[in-house]
Amino acid sequence: MATRTLDVAAIRKDFPIFETGIAYLDSANTSQRPRQVTGAMLEYFEKFNSNIHRAAYRIAEEATVRYEATREKVRAFINAASTKEIVYTRGTTEAINLVAYAWGRKNIRSGDLIVLTILDHHSNIVPWQILAAEKGAHVEYVDIDERGELRQDQFAELLKRGPKLVAFNLISNAMGTINPAREMVSAAKKAGATVLVDGAQSTPHQPVDVRALGCDFYAFSGHKMLGPTGAGILYGRRELLEAMDPFMAGGDMIKTVRVEGTTYHDLPWKFEAGTQAIAEVIGLGAAVDYLTGLGMDAVRAHELEITEYAYESLSEVEHLTVYGPPPSRRAGVISFSLEGIHPHDLATIADRDQVCLRAGHHCAMPLMTRLGIPATARASFYVYTQKEEVDRLVSSIKEAQRIFA
Amino acid sequence: MSNRSAPSADDQFYREYILDHYKNPRNFGRLEHPDISHEEDNPLCGDVVGMDFRVKDGVIEDIRFHGRGCAISQASASLLTERLKGLALEEAKKIGKDDVLGELGIEISPARIKCALLSLKVLKVGAYGLADDDEE
C-alpha cells in the first residue's frame, strides 16, 4: 500500500500564522493550530457556549455532545479499547501527575524501585521523584549510549531488580530519539512492572496503537498536535483506572454526595473534577480529525523527509555538532550546538530573521548534564514544515558565525 | 511581535564592543585569596558568572570574573568588572539594573534580561549579601 504524501502548500493555507512570514521550527515545544481547530473552538463560544453535563437546555446538550465526541475521536486515534479509558487532562504533565498521585500513592511502597530514563522530560521525572521521596522508594535511570539511544543492556539489568513502575518517553523531546517502546514495554511487563509511556512527542508525529504497545498508561498533550493548550489525555487500562481513587475532587466527578460520604462517578468522569476546558477539548477533537484526515503514516513520512534534509544541511555546516541518532531512528527533532556561539545567541540572531528556534535545556536537565553541555539549539518539524524553512535556519546559523567570527 | 523592534540592517544587537568583550573578556580569571568570592548561575540557559574581589580600605582594589554562557551574560560581566575596578564599595552599591542595561546599550528582549543581569546579581548577592534580586 502506497503511503499518502502531504500537500504541504495546501496544509500551510490552513495556518494563518504563516502569513506573518515566520519560519517556525519549534513544533516539539508547541505546534501551530489550523483554522479548523480555532474555528471549532470559536463555534462553541459563539453558538453553544454553556456548561456540560448539567443543563437541560439545547445548547448545553450540544456542548456536551461535542465535548464528549472528542473522547471517541481520541480513542480511535490511539486505538484504545473503550472511551472509559480516555481521561481528559490539561496535558501530559497533569496526566503523569494524576498517575503518580492516584496510582502511585496507592501502589508504591518503601523500598520499591521506579525505573525512568535519562532521556525523560522533567514532567516524567519530578512527579516520580516526589513520590519516591514520600514513600521511601528509589529511582534509577536508564542511560544512553554514544548515539543517544537508551542502553537496553542496562535496562534489562534494572528489570531483573523487579521495578514496580517503569516510565519513559516514546520519543525524546530533547534529541528526537525514537525508543524501542514495544520491546521495552513487553520486557517491563514480563518483569511485573506497571508501565507508563510519555507520548507527548510520539502522538503528534507517528501512528500510535496503545493496545499493540501494551502499556498501562499513556499520556499526551493536545497543544503539540495542532490542538490548543489546556487539553491533553491520559489513557489508562480500565482495570487500573477502576482501582484508582480520584485525583482532584469536586463537582462532576461524583455520583452522590451526602454529608456521611460520597460515591464517585464512573470512568472516565471520576478523574474530571470541576468545570472542564470545554472549548479546548472540542479543539483537540478537531485537531485529531485534521491529523486523521492527513494520515499519520503520511505525517511521519513527511517529517522523515524534512529531518533527513535538515540533518544533511546541518551536517554540512562547519563547527556544528548534531546530537542523537541518525534520521531513520529519530523524530522530527534536531538538537545541535555551534562552537563558540551559545544557543541563546543563535536563537536571538535567528529571531531577527523570523526563524523561531528553541534554545535551552528543553526541560531535560539530567540529559544535558549527561551530555556535559548546558544547553542546545533545537529545530523541530511538523506537517507544515517545508525545506525552505530549514534553508532559512542554515542562513541564520551562517549569519551568526559571521557575526561571531 | 508587538513589543519587538523590527530587525535592522546593521548589527544593533551584537555591537562590535559587546562581541569584543565576549571574545576578549576583561579581568577574566581568578584571584588568589580573594576577600569576597561569589558565583551565580541561570539554570534556564546554563549561564554561569562568578566574581572574586580584593577590597582594601573600602575600595575594590582588584576584581576577576569567570564563567561561561551567552555573549550577553559574559560581555555584561566583563563590562561590569571594568566599572567596578577601583570603585568604592559604597559607590558600587549604587549600581543598578538600568546602569548595567544602559552600558550594554542595546535593546534586550524580556527573554534575555536574566542573561544581561546575571553579573549584577553576583555583585549584589555576593558582595553585599542582599536578597536575591531578580528582574522585575
# chains A, B, ... in the order shown; residues from 1 in each chain; ligands from 1
>>> select_by_dssp(residues="region 154-234 of chain A", states="alpha helix (DSSP H)", output="MDAnalysis selection string")
chainID A and resid 154:159 181:190 210:213
>>> write_last_selection(atoms="C-alpha atoms", output="short mmCIF file (atom, residue, chain, number, x, y, z; two decimals), in the first residue's frame")
data_model
loop_
_atom_site.label_atom_id
_atom_site.label_comp_id
_atom_site.auth_asym_id
_atom_site.auth_seq_id
_atom_site.Cartn_x
_atom_site.Cartn_y
_atom_site.Cartn_z
CA GLN A 154 21.31 -1.66 31.37
CA PHE A 155 17.51 -1.57 31.13
CA ALA A 156 17.45 -5.40 31.19
CA GLU A 157 19.65 -5.38 34.31
CA LEU A 158 17.32 -2.92 36.06
CA LEU A 159 14.31 -5.06 35.17
CA ALA A 181 8.88 1.21 23.06
CA ARG A 182 7.10 -2.01 22.18
CA GLU A 183 10.09 -4.13 23.19
CA MET A 184 10.66 -2.08 26.33
CA VAL A 185 7.02 -2.28 27.43
CA SER A 186 6.94 -6.01 26.76
CA ALA A 187 10.11 -6.62 28.79
CA ALA A 188 8.90 -4.40 31.62
CA LYS A 189 5.53 -6.15 31.76
CA LYS A 190 7.26 -9.54 31.88
CA VAL A 210 -1.81 1.72 22.77
CA ARG A 211 -3.08 -1.84 22.72
CA ALA A 212 -0.27 -3.01 20.45
CA LEU A 213 2.13 -1.04 22.63
#
>>> residues_around(residues="region 57-71 of chain B", least_positions_apart="3", cutoff="8 Å", atoms="only C-alpha atoms", output="PDB file with N, CA and C atoms, in the first residue's frame")
ATOM      1  N   ILE A 341      29.505  29.706  19.935  1.00  0.00           N
ATOM      2  CA  ILE A 341      28.271  30.502  19.918  1.00  0.00           C
ATOM      3  C   ILE A 341      27.247  29.817  20.820  1.00  0.00           C
ATOM      4  N   HIS A 342      26.833  30.524  21.837  1.00  0.00           N
ATOM      5  CA  HIS A 342      25.847  29.966  22.757  1.00  0.00           C
ATOM      6  C   HIS A 342      24.489  29.849  22.053  1.00  0.00           C
ATOM      7  N   PRO A 343      23.747  28.779  22.332  1.00  0.00           N
ATOM      8  CA  PRO A 343      22.446  28.591  21.676  1.00  0.00           C
ATOM      9  C   PRO A 343      21.522  29.805  21.791  1.00  0.00           C
ATOM     10  N   HIS A 344      21.579  30.500  22.919  1.00  0.00           N
ATOM     11  CA  HIS A 344      20.706  31.666  23.061  1.00  0.00           C
ATOM     12  C   HIS A 344      21.082  32.798  22.108  1.00  0.00           C
ATOM     13  N   ASP A 345      22.386  32.938  21.870  1.00  0.00           N
ATOM     14  CA  ASP A 345      22.813  33.963  20.910  1.00  0.00           C
ATOM     15  C   ASP A 345      22.357  33.590  19.504  1.00  0.00           C
TER      16      ASP A 345
ATOM     17  N   ILE B  18      30.408  44.690  22.221  1.00  0.00           N
ATOM     18  CA  ILE B  18      29.875  43.570  23.004  1.00  0.00           C
ATOM     19  C   ILE B  18      30.552  42.272  22.582  1.00  0.00           C
ATOM     20  N   LEU B  19      30.676  42.105  21.280  1.00  0.00           N
ATOM     21  CA  LEU B  19      31.375  40.924  20.777  1.00  0.00           C
ATOM     22  C   LEU B  19      32.827  40.918  21.238  1.00  0.00           C
ATOM     23  N   TYR B  22      32.994  39.813  24.700  1.00  0.00           N
ATOM     24  CA  TYR B  22      32.700  38.378  24.767  1.00  0.00           C
ATOM     25  C   TYR B  22      33.932  37.566  24.384  1.00  0.00           C
ATOM     26  N   ASN B  27      39.482  41.426  32.717  1.00  0.00           N
ATOM     27  CA  ASN B  27      39.531  40.956  34.108  1.00  0.00           C
ATOM     28  C   ASN B  27      39.013  39.527  34.242  1.00  0.00           C
ATOM     29  N   PHE B  28      39.361  38.703  33.288  1.00  0.00           N
ATOM     30  CA  PHE B  28      38.886  37.321  33.302  1.00  0.00           C
ATOM     31  C   PHE B  28      39.865  36.434  34.051  1.00  0.00           C
ATOM     32  N   GLY B  29      39.362  35.577  34.900  1.00  0.00           N
ATOM     33  CA  GLY B  29      40.216  34.643  35.637  1.00  0.00           C
ATOM     34  C   GLY B  29      39.847  34.602  37.103  1.00  0.00           C
ATOM     35  N   ARG B  30      40.794  34.154  37.926  1.00  0.00           N
ATOM     36  CA  ARG B  30      40.530  34.063  39.356  1.00  0.00           C
ATOM     37  C   ARG B  30      41.569  34.861  40.129  1.00  0.00           C
ATOM     38  N   LEU B  31      41.201  35.341  41.323  1.00  0.00           N
ATOM     39  CA  LEU B  31      42.152  35.982  42.234  1.00  0.00           C
ATOM     40  C   LEU B  31      42.566  34.957  43.284  1.00  0.00           C
ATOM     41  N   CYS B  45      19.444  28.636  30.997  1.00  0.00           N
ATOM     42  CA  CYS B  45      20.273  28.554  29.799  1.00  0.00           C
ATOM     43  C   CYS B  45      21.697  28.126  30.120  1.00  0.00           C
ATOM     44  N   GLY B  46      21.976  27.865  31.395  1.00  0.00           N
ATOM     45  CA  GLY B  46      23.296  27.367  31.745  1.00  0.00           C
ATOM     46  C   GLY B  46      24.372  28.433  31.856  1.00  0.00           C
ATOM     47  N   ASP B  47      23.978  29.703  31.866  1.00  0.00           N
ATOM     48  CA  ASP B  47      24.968  30.756  32.050  1.00  0.00           C
ATOM     49  C   ASP B  47      25.515  30.722  33.482  1.00  0.00           C
ATOM     50  N   VAL B  48      26.816  30.912  33.602  1.00  0.00           N
ATOM     51  CA  VAL B  48      27.457  30.981  34.919  1.00  0.00           C
ATOM     52  C   VAL B  48      28.357  32.203  34.950  1.00  0.00           C
ATOM     53  N   VAL B  49      28.258  32.984  36.028  1.00  0.00           N
ATOM     54  CA  VAL B  49      29.191  34.088  36.248  1.00  0.00           C
ATOM     55  C   VAL B  49      29.607  34.072  37.713  1.00  0.00           C
ATOM     56  N   GLY B  50      30.922  34.153  37.944  1.00  0.00           N
ATOM     57  CA  GLY B  50      31.445  34.251  39.296  1.00  0.00           C
ATOM     58  C   GLY B  50      32.414  35.418  39.367  1.00  0.00           C
ATOM     59  N   MET B  51      32.521  36.027  40.539  1.00  0.00           N
ATOM     60  CA  MET B  51      33.449  37.146  40.688  1.00  0.00           C
ATOM     61  C   MET B  51      34.284  36.997  41.960  1.00  0.00           C
ATOM     62  N   ASP B  52      35.566  37.352  41.857  1.00  0.00           N
ATOM     63  CA  ASP B  52      36.455  37.424  43.009  1.00  0.00           C
ATOM     64  C   ASP B  52      36.804  38.893  43.235  1.00  0.00           C
ATOM     65  N   PHE B  53      36.716  39.347  44.481  1.00  0.00           N
ATOM     66  CA  PHE B  53      37.007  40.742  44.818  1.00  0.00           C
ATOM     67  C   PHE B  53      38.165  40.826  45.800  1.00  0.00           C
ATOM     68  N   ARG B  54      39.061  41.767  45.595  1.00  0.00           N
ATOM     69  CA  ARG B  54      40.003  42.151  46.650  1.00  0.00           C
ATOM     70  C   ARG B  54      39.657  43.574  47.067  1.00  0.00           C
ATOM     71  N   GLN B  74      28.247  37.176  29.344  1.00  0.00           N
ATOM     72  CA  GLN B  74      29.690  37.290  29.537  1.00  0.00           C
ATOM     73  C   GLN B  74      30.178  38.714  29.258  1.00  0.00           C
ATOM     74  N   ALA B  75      29.640  39.359  28.232  1.00  0.00           N
ATOM     75  CA  ALA B  75      30.037  40.745  27.945  1.00  0.00           C
ATOM     76  C   ALA B  75      29.567  41.666  29.067  1.00  0.00           C
ATOM     77  N   ALA B  77      29.250  40.883  32.183  1.00  0.00           N
ATOM     78  CA  ALA B  77      30.155  40.679  33.329  1.00  0.00           C
ATOM     79  C   ALA B  77      31.474  41.407  33.101  1.00  0.00           C
ATOM     80  N   SER B  78      31.986  41.311  31.892  1.00  0.00           N
ATOM     81  CA  SER B  78      33.257  41.958  31.566  1.00  0.00           C
ATOM     82  C   SER B  78      33.137  43.480  31.731  1.00  0.00           C
ATOM     83  N   THR B  81      32.999  44.467  35.457  1.00  0.00           N
ATOM     84  CA  THR B  81      34.281  44.438  36.184  1.00  0.00           C
ATOM     85  C   THR B  81      35.097  45.690  35.860  1.00  0.00           C
ATOM     86  N   LEU B  84      33.776  48.321  38.035  1.00  0.00           N
ATOM     87  CA  LEU B  84      33.946  48.114  39.477  1.00  0.00           C
ATOM     88  C   LEU B  84      35.381  48.307  39.948  1.00  0.00           C
ATOM     89  N   LYS B  85      36.316  48.032  39.079  1.00  0.00           N
ATOM     90  CA  LYS B  85      37.716  48.084  39.487  1.00  0.00           C
ATOM     91  C   LYS B  85      38.088  49.506  39.921  1.00  0.00           C
ATOM     92  N   GLY B  86      38.541  49.621  41.171  1.00  0.00           N
ATOM     93  CA  GLY B  86      38.944  50.920  41.693  1.00  0.00           C
ATOM     94  C   GLY B  86      37.794  51.708  42.301  1.00  0.00           C
ATOM     95  N   LEU B  87      36.631  51.143  42.264  1.00  0.00           N
ATOM     96  CA  LEU B  87      35.452  51.863  42.765  1.00  0.00           C
ATOM     97  C   LEU B  87      35.266  51.587  44.264  1.00  0.00           C
ATOM     98  N   ALA B  88      34.825  52.622  45.010  1.00  0.00           N
ATOM     99  CA  ALA B  88      34.498  52.413  46.420  1.00  0.00           C
ATOM    100  C   ALA B  88      33.274  51.513  46.516  1.00  0.00           C
ATOM    101  N   LEU B  89      33.284  50.639  47.514  1.00  0.00           N
ATOM    102  CA  LEU B  89      32.146  49.733  47.683  1.00  0.00           C
ATOM    103  C   LEU B  89      30.836  50.492  47.799  1.00  0.00           C
ATOM    104  N   GLU B  90      30.870  51.604  48.485  1.00  0.00           N
ATOM    105  CA  GLU B  90      29.655  52.393  48.653  1.00  0.00           C
ATOM    106  C   GLU B  90      29.111  52.862  47.306  1.00  0.00           C
ATOM    107  N   CYS B 115      20.058  37.075  31.364  1.00  0.00           N
ATOM    108  CA  CYS B 115      21.452  36.938  30.918  1.00  0.00           C
ATOM    109  C   CYS B 115      22.204  38.232  31.216  1.00  0.00           C
TER     110      CYS B 115
END
>>> atom_distance(atom1="CA of Val195 (chain A)", atom2="CA of Asp266 (chain A)")
23.3 Å
>>> interface_residues(of="chain A", to="chain B", cutoff="9 Å", atoms="only C-alpha atoms", output="VMD selection string")
chain A and resid 341 to 345 348 to 349 351 to 354 359 to 361 363 365 373 to 376 403 to 404
>>> closest_residue(among="A:Ile334, A:Ala243, A:Val383, A:Ile11", to="Gln36 (chain A)", atoms="only C-alpha atoms")
A:Ile11
>>> residues_around(residues="Leu120 (chain B)", least_positions_apart="2", cutoff="10 Å", atoms="only C-alpha atoms", output="PyMOL selection string")
chain B and resi 40+49+76-77+80+95-97+99-100+114+116-118+122-126+133-134
>>> residues_around(residues="Thr307 (chain A)", least_positions_apart="4", cutoff="7 Å", atoms="only C-alpha atoms", output="list of chain:residue names")
A:Glu303, A:Tyr311, A:Pro327, A:Gly332
>>> residues_around(residues="region 237-241 of chain A", least_positions_apart="2", cutoff="6 Å", atoms="only C-alpha atoms", output="list in words")
Glu85, Asp216, Ala243 and Met244 of chain A
>>> residues_around(residues="Tyr67 (chain A)", least_positions_apart="5", cutoff="9 Å", atoms="only C-alpha atoms", output="list in words")
Ile52, Glu62, Ile278, Ala279, Glu280, Val281, Ile282 and Gly285 of chain A
